[in-house]
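Student: Right, I'll just put the structure down here and ask away after.
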Amino acid sequence: EKEGVDLGGRRIIKKKTSFLFLDKNGELVQYDYGYYNAKQFLTVGYSVLEKRNLGNKTPTLAEVKGKLVGETIPDFTAQNQFGNTFSLSQEKKKTVLVFIRGQWCPYCNKYIESLQNIAPELNSKNTRLVIISPEKPEFITKTISKTKTMYSVLYDENYEIAKLFDVLYTPEKKTIDFYEKHLGDDFKKSRSDDSGRLPVSATFILDENQKITWVHFNPDYKERASLEDILKQ
């Protein structure tokens, strides 16, 4: 019905023709909405089964693939560095979403600094740029200090946004051990948990209807979307 369905005290249906894929315990595996023909719906169903078969295991860097062009991202909310709540659907604008690993990553900081150069062009194209960080607010403050960015930097608590975009992965144990040894609390205590999970440093462009129109996804954290490509797309 129009007022939605209450599942475990959470109202999650926001669009008409919504599809909720639940496991045997009633836990939400995936939420989709919109029209699908039979072939498309089967494709979605198979992807849900594949996701479910992974259980709670986060993929490795070699396994994570990222969302594809043409897929629609459900609405999400998160707090930015100004203490405001950001909502993907709040404004009808094109959105550039940039995932970073954290303020401890020099490649991330350098990239965020460079993104400042395209702010005027993005504004003229009615486009907002949002940075997604897995780090807690006190560590995001370090990102702001190091990069002087004025873009919104969102705290991706419990990696919920990274999960929506399928960019979350678990590094190899030797990599986690290396980071913890050399970065200390900047790595170990900066995130929602101590799993060591990180997002791929991917960039997504979404249209006004939250559909992905362009993706830069490279498992190599040194390779980032070029400013020229972002503006072109």
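Letters A, B, ... mark the chains of the structure tokens in the order given; residue numbers begin at 1 per chain; ligand numbers begin at 1, in order shown.
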Show me, as JSON lines, the residues of range 127-183 of chain A having an atom within 8 Å of range 109-118 of chain A, each with the closest atom pair and its distance in Å, using only C-alpha atoms.
Tutor:
{"residue": "A:Thr143", "atom": "CA", "partner": "A:Asn109", "partner_atom": "CA", "distance": 7.0}
{"residue": "A:Lys146", "atom": "CA", "partner": "A:Asn109", "partner_atom": "CA", "distance": 6.9}
{"residue": "A:Thr147", "atom": "CA", "partner": "A:Glu113", "partner_atom": "CA", "distance": 5.2}
{"residue": "A:Lys148", "atom": "CA", "partner": "A:Glu113", "partner_atom": "CA", "distance": 7.2}
{"residue": "A:Thr149", "atom": "CA", "partner": "A:Glu113", "partner_atom": "CA", "distance": 6.6}
{"residue": "A:Met150", "atom": "CA", "partner": "A:Gln116", "partner_atom": "CA", "distance": 7.8}
Student: Need the shell around Pro219 in chain A: protein/DNA/RNA residues with any atom at most 9 Å away, counting only C-alpha atoms. Skip same-chain ones fewer than 5 positions apart. Format as a list in words?
Tutor: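 Everything that qualifies: Leu61, Ala62, Val64, Lys65, Val200, Ser201 and Ala202 of chain A.
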Student: Write out, as a PDB file, in the first residue's frame, the residues just selected, with C-alpha atoms.
Tutor:
ATOM      1  CA  LEU A  61      40.249  -7.161  -4.010  1.00  0.00           C
ATOM      2  CA  ALA A  62      40.392  -9.622  -6.899  1.00  0.00           C
ATOM      3  CA  VAL A  64      35.020  -7.155  -5.963  1.00  0.00           C
ATOM      4  CA  LYS A  65      33.548  -5.775  -9.200  1.00  0.00           C
ATOM      5  CA  VAL A 200      38.095   0.491  -3.918  1.00  0.00           C
ATOM      6  CA  SER A 201      39.030   4.059  -4.864  1.00  0.00           C
ATOM      7  CA  ALA A 202      36.295   4.201  -7.495  1.00  0.00           C
TER       8      ALA A 202
END
Student: What does the distance between CA of Ser124 in chain A and CA of Leu88 in chain A come to in Å, to one decimal place?
Tutor: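 That distance, rounded to one decimal, is 19.5 Å.
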Student: Pick from A:Ala162, A:Leu122, A:Ala78, A:Val48: nearest to Lys232 in chain A, with only C-alpha atoms counted?
Tutor: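 Comparing A:Ala162, A:Leu122, A:Ala78, A:Val48 against Lys232 in chain A, the winner is A:Leu122.
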Student: Mind checking which residues fall within 8 Å of Pro59 in chain A, counting only C-alpha atoms, ignoring those fewer than 5 positions away in the same chain, and posting them as a list in words?
Tutor: Val64, Leu168, Tyr169 and Thr170 of chain A
Student: Just C-alpha atoms for this one: save the residues we selected as a short mmCIF file (atom, residue, chain, number, x, y, z; two decimals), in the first residue's frame.
Tutor:
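Everything below was put into result33.cif:
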data_model
loop_
_atom_site.label_atom_id
_atom_site.label_comp_id
_atom_site.auth_asym_id
_atom_site.auth_seq_id
_atom_site.Cartn_x
_atom_site.Cartn_y
_atom_site.Cartn_z
CA VAL A 64 35.02 -7.16 -5.96
CA LEU A 168 33.95 -2.96 -0.39
CA TYR A 169 36.68 -5.56 -0.05
CA THR A 170 38.89 -7.21 2.57
#
Student: Need to verify the contact set: Ile132 in chain A, 9 Å, only C-alpha atoms, exclusion of same-chain residues closer than 4 positions in sequence. Can you return it as a ChimeraX atom specification?
Tutor: /A:97-101,152-156,161-162
Student: Filtering to N, CA, C and O atoms, could you give me those residues as a PDB file, in the first residue's frame?
Tutor:
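Okay, part33.pdb is ready:
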ATOM      1  N   LEU A  97      30.363  10.682  -7.239  1.00  0.00           N
ATOM      2  CA  LEU A  97      30.735  10.096  -5.954  1.00  0.00           C
ATOM      3  C   LEU A  97      32.141   9.519  -6.057  1.00  0.00           C
ATOM      4  O   LEU A  97      32.426   8.695  -6.938  1.00  0.00           O
ATOM      5  N   VAL A  98      33.000   9.968  -5.149  1.00  0.00           N
ATOM      6  CA  VAL A  98      34.398   9.541  -5.138  1.00  0.00           C
ATOM      7  C   VAL A  98      34.677   8.803  -3.831  1.00  0.00           C
ATOM      8  O   VAL A  98      34.526   9.376  -2.749  1.00  0.00           O
ATOM      9  N   PHE A  99      35.078   7.558  -3.921  1.00  0.00           N
ATOM     10  CA  PHE A  99      35.426   6.777  -2.731  1.00  0.00           C
ATOM     11  C   PHE A  99      36.912   6.926  -2.440  1.00  0.00           C
ATOM     12  O   PHE A  99      37.755   6.824  -3.338  1.00  0.00           O
ATOM     13  N   ILE A 100      37.220   7.187  -1.158  1.00  0.00           N
ATOM     14  CA  ILE A 100      38.620   7.249  -0.730  1.00  0.00           C
ATOM     15  C   ILE A 100      38.856   6.223   0.375  1.00  0.00           C
ATOM     16  O   ILE A 100      37.918   5.763   1.020  1.00  0.00           O
ATOM     17  N   ARG A 101      40.113   5.905   0.600  1.00  0.00           N
ATOM     18  CA  ARG A 101      40.451   4.913   1.626  1.00  0.00           C
ATOM     19  C   ARG A 101      40.612   5.542   3.003  1.00  0.00           C
ATOM     20  O   ARG A 101      40.353   4.901   4.014  1.00  0.00           O
ATOM     21  N   SER A 152      31.572  18.031   0.075  1.00  0.00           N
ATOM     22  CA  SER A 152      31.024  17.246   1.181  1.00  0.00           C
ATOM     23  C   SER A 152      31.807  15.940   1.316  1.00  0.00           C
ATOM     24  O   SER A 152      32.007  15.217   0.328  1.00  0.00           O
ATOM     25  N   VAL A 153      32.245  15.649   2.528  1.00  0.00           N
ATOM     26  CA  VAL A 153      32.914  14.377   2.817  1.00  0.00           C
ATOM     27  C   VAL A 153      32.006  13.603   3.766  1.00  0.00           C
ATOM     28  O   VAL A 153      31.757  14.048   4.892  1.00  0.00           O
ATOM     29  N   LEU A 154      31.505  12.464   3.341  1.00  0.00           N
ATOM     30  CA  LEU A 154      30.547  11.692   4.120  1.00  0.00           C
ATOM     31  C   LEU A 154      31.226  10.553   4.862  1.00  0.00           C
ATOM     32  O   LEU A 154      32.098   9.874   4.314  1.00  0.00           O
ATOM     33  N   TYR A 155      30.798  10.359   6.109  1.00  0.00           N
ATOM     34  CA  TYR A 155      31.262   9.215   6.883  1.00  0.00           C
ATOM     35  C   TYR A 155      30.412   8.008   6.525  1.00  0.00           C
ATOM     36  O   TYR A 155      29.217   7.969   6.818  1.00  0.00           O
ATOM     37  N   ASP A 156      31.024   7.025   5.897  1.00  0.00           N
ATOM     38  CA  ASP A 156      30.317   5.809   5.483  1.00  0.00           C
ATOM     39  C   ASP A 156      30.310   4.820   6.642  1.00  0.00           C
ATOM     40  O   ASP A 156      31.046   3.832   6.641  1.00  0.00           O
ATOM     41  N   ILE A 161      27.431   2.610   2.333  1.00  0.00           N
ATOM     42  CA  ILE A 161      27.461   3.175   0.979  1.00  0.00           C
ATOM     43  C   ILE A 161      28.374   2.340   0.091  1.00  0.00           C
ATOM     44  O   ILE A 161      28.042   2.050  -1.072  1.00  0.00           O
ATOM     45  N   ALA A 162      29.514   1.928   0.620  1.00  0.00           N
ATOM     46  CA  ALA A 162      30.426   1.079  -0.155  1.00  0.00           C
ATOM     47  C   ALA A 162      29.742  -0.227  -0.560  1.00  0.00           C
ATOM     48  O   ALA A 162      29.959  -0.738  -1.664  1.00  0.00           O
TER      49      ALA A 162
END
Student: Using only C-alpha atoms, which residue out of A:Leu49, A:Val130, A:Ile205, A:Leu183 lies closest to Gln103 in chain A?
Tutor: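 Of the candidates, the smallest distance to Gln103 in chain A is held by A:Leu183.
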Student: Set the distance at 12 Å and use only C-alpha atoms: which residues neighbour Phe19 in chain A once local chain neighbours fewer than 6 positions away are removed? I'd like the list as number ranges by chain.
Tutor: A: 5, 12-13, 28-36, 41, 44-45, 48, 74
Student: May I ask which of the residues A:Asn158, A:Thr58, A:Thr141, A:Thr95 is the closest one to Pro171 in chain A, counting only C-alpha atoms?
Tutor: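 Closest to Pro171 in chain A of all the choices is A:Thr58.
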Student: So how far away is CA of Val167 in chain A from CA of Lys67 in chain A, in Å?
Tutor: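 Those two atoms sit 7.8 Å apart.
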Student: Extract, using only C-alpha atoms, all DNA, RNA and protein residues at most 12 Å from Glu91 in chain A, discarding same-chain residues fewer than 3 positions from it, and format them as a VMD selection string.
Tutor: chain A and resid 75 86 to 88 94 to 95 126 to 128 207 to 210
Student: Selected residues, N, CA, C and O atoms, written as an mmCIF file, in the first residue's frame, please.
Tutor:
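Result file is out_18.cif:
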data_model
loop_
_atom_site.group_PDB
_atom_site.id
_atom_site.type_symbol
_atom_site.label_atom_id
_atom_site.label_comp_id
_atom_site.auth_asym_id
_atom_site.auth_seq_id
_atom_site.Cartn_x
_atom_site.Cartn_y
_atom_site.Cartn_z
ATOM 1 N N ASP A 75 18.290 5.284 -2.479
ATOM 2 C CA ASP A 75 18.628 6.470 -1.699
ATOM 3 C C ASP A 75 19.387 6.067 -0.437
ATOM 4 O O ASP A 75 19.175 4.987 0.125
ATOM 5 N N PHE A 86 23.302 14.352 4.514
ATOM 6 C CA PHE A 86 23.259 14.301 3.053
ATOM 7 C C PHE A 86 22.316 13.184 2.624
ATOM 8 O O PHE A 86 22.353 12.076 3.157
ATOM 9 N N SER A 87 21.460 13.479 1.655
ATOM 10 C CA SER A 87 20.570 12.472 1.074
ATOM 11 C C SER A 87 20.772 12.473 -0.430
ATOM 12 O O SER A 87 20.733 13.531 -1.064
ATOM 13 N N LEU A 88 20.968 11.298 -0.999
ATOM 14 C CA LEU A 88 21.228 11.206 -2.436
ATOM 15 C C LEU A 88 20.080 11.771 -3.254
ATOM 16 O O LEU A 88 20.284 12.407 -4.288
ATOM 17 N N LYS A 94 22.892 15.919 -10.978
ATOM 18 C CA LYS A 94 23.867 14.882 -11.268
ATOM 19 C C LYS A 94 24.839 14.826 -10.092
ATOM 20 O O LYS A 94 25.112 15.845 -9.451
ATOM 21 N N THR A 95 25.345 13.652 -9.813
ATOM 22 C CA THR A 95 26.217 13.482 -8.648
ATOM 23 C C THR A 95 27.468 12.706 -9.037
ATOM 24 O O THR A 95 27.376 11.663 -9.694
ATOM 25 N N ASN A 126 25.425 21.971 -13.029
ATOM 26 C CA ASN A 126 24.430 21.541 -12.040
ATOM 27 C C ASN A 126 24.765 20.154 -11.485
ATOM 28 O O ASN A 126 23.924 19.264 -11.393
ATOM 29 N N THR A 127 26.025 19.998 -11.149
ATOM 30 C CA THR A 127 26.530 18.709 -10.667
ATOM 31 C C THR A 127 27.208 18.893 -9.317
ATOM 32 O O THR A 127 27.968 19.840 -9.125
ATOM 33 N N ARG A 128 26.929 18.015 -8.391
ATOM 34 C CA ARG A 128 27.585 18.051 -7.078
ATOM 35 C C ARG A 128 28.600 16.915 -6.998
ATOM 36 O O ARG A 128 28.419 15.850 -7.590
ATOM 37 N N ASP A 207 22.966 10.104 -12.662
ATOM 38 C CA ASP A 207 22.094 11.146 -13.180
ATOM 39 C C ASP A 207 21.103 11.589 -12.110
ATOM 40 O O ASP A 207 21.176 11.152 -10.954
ATOM 41 N N GLU A 208 20.154 12.437 -12.499
ATOM 42 C CA GLU A 208 19.209 12.997 -11.534
ATOM 43 C C GLU A 208 18.284 11.947 -10.930
ATOM 44 O O GLU A 208 17.655 12.185 -9.891
ATOM 45 N N ASN A 209 18.200 10.778 -11.565
ATOM 46 C CA ASN A 209 17.342 9.692 -11.078
ATOM 47 C C ASN A 209 18.128 8.593 -10.381
ATOM 48 O O ASN A 209 17.632 7.476 -10.222
ATOM 49 N N GLN A 210 19.363 8.894 -10.011
ATOM 50 C CA GLN A 210 20.226 7.989 -9.241
ATOM 51 C C GLN A 210 20.682 6.774 -10.044
ATOM 52 O O GLN A 210 21.070 5.753 -9.484
#
Student: To one decimal place in Å, what is the distance between CA of Asp23 in chain A and CA of Glu160 in chain A?
Tutor: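 A separation of 18.4 Å between them.
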Student: Got a sec to tell me which of range 62-204 of chain A DSSP assigns to strand (DSSP E), as a ChimeraX atom specification?
Tutor: /A:77-79,85-87,94-99,127-133,152-155,168-169,198-199,203-204
Student: List every residue of range 27-229 of chain A that DSSP, applied to the backbone of this structure, places in alpha helix (DSSP H), and write the result as a PyMOL selection string.
Tutor: chain A and resi 38-53+106-115+119-124+137-147+160-164+173-183+185-188+227-229
Student: Can those selected residues be exported to a file as a CSV table (one decimal), in the first residue's frame so that it contains C-alpha atoms?
Tutor:
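Writing done, so here's again28.csv:
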chain,number,residue,atom,x,y,z
A,38,ALA,CA,11.4,-11.1,-17.4
A,39,LYS,CA,15.0,-11.4,-18.6
A,40,GLN,CA,16.1,-8.4,-16.6
A,41,PHE,CA,14.3,-9.6,-13.5
A,42,LEU,CA,15.9,-13.0,-13.7
A,43,THR,CA,19.3,-11.3,-14.0
A,44,VAL,CA,18.6,-9.4,-10.8
A,45,GLY,CA,17.4,-12.6,-9.1
A,46,TYR,CA,20.6,-14.5,-10.0
A,47,SER,CA,22.8,-11.6,-8.7
A,48,VAL,CA,20.9,-11.7,-5.4
A,49,LEU,CA,21.4,-15.5,-5.2
A,50,GLU,CA,25.1,-15.0,-5.9
A,51,LYS,CA,25.4,-12.3,-3.3
A,52,ARG,CA,23.6,-14.5,-0.8
A,53,ASN,CA,25.8,-17.4,-1.5
A,106,PRO,CA,48.6,10.1,0.3
A,107,TYR,CA,47.2,9.2,-3.0
A,108,CYS,CA,43.7,10.0,-1.7
A,109,ASN,CA,44.7,13.3,-0.3
A,110,LYS,CA,46.5,14.4,-3.5
A,111,TYR,CA,43.5,13.4,-5.6
A,112,ILE,CA,41.0,15.3,-3.3
A,113,GLU,CA,43.2,18.4,-3.7
A,114,SER,CA,43.2,18.1,-7.5
A,115,LEU,CA,39.4,17.8,-7.5
A,119,ALA,CA,34.5,22.8,-8.8
A,120,PRO,CA,33.5,25.8,-11.0
A,121,GLU,CA,32.8,23.6,-14.0
A,122,LEU,CA,30.8,21.1,-12.0
A,123,ASN,CA,28.7,24.0,-10.5
A,124,SER,CA,28.0,25.3,-14.1
A,137,PRO,CA,34.3,12.1,11.9
A,138,GLU,CA,37.5,12.8,13.9
A,139,PHE,CA,39.6,11.3,11.2
A,140,ILE,CA,37.6,13.0,8.4
A,141,THR,CA,38.7,16.2,10.1
A,142,LYS,CA,42.2,15.2,9.2
A,143,THR,CA,41.2,14.8,5.6
A,144,ILE,CA,39.8,18.3,5.6
A,145,SER,CA,42.9,19.7,7.2
A,146,LYS,CA,45.2,18.0,4.7
A,147,THR,CA,43.3,18.7,1.6
A,160,GLU,CA,26.8,0.9,4.0
A,161,ILE,CA,27.5,3.2,1.0
A,162,ALA,CA,30.4,1.1,-0.2
A,163,LYS,CA,28.2,-2.0,0.0
A,164,LEU,CA,25.5,-0.3,-2.2
A,173,LYS,CA,46.1,-10.3,6.0
A,174,LYS,CA,49.7,-9.3,5.2
A,175,THR,CA,48.4,-6.0,3.8
A,176,ILE,CA,46.3,-5.3,6.9
A,177,ASP,CA,49.3,-6.2,9.2
A,178,PHE,CA,51.5,-3.8,7.2
A,179,TYR,CA,49.0,-0.9,7.5
A,180,GLU,CA,48.4,-1.5,11.3
A,181,LYS,CA,52.2,-1.7,11.9
A,182,HIS,CA,53.1,1.5,10.0
A,183,LEU,CA,49.9,3.6,10.4
A,185,ASP,CA,45.6,4.1,15.2
A,186,ASP,CA,45.2,6.0,11.9
A,187,PHE,CA,44.3,2.7,10.4
A,188,LYS,CA,43.2,0.5,13.2
A,227,LEU,CA,39.5,15.2,-14.1
A,228,GLU,CA,39.1,15.5,-17.9
A,229,ASP,CA,37.0,12.3,-18.0
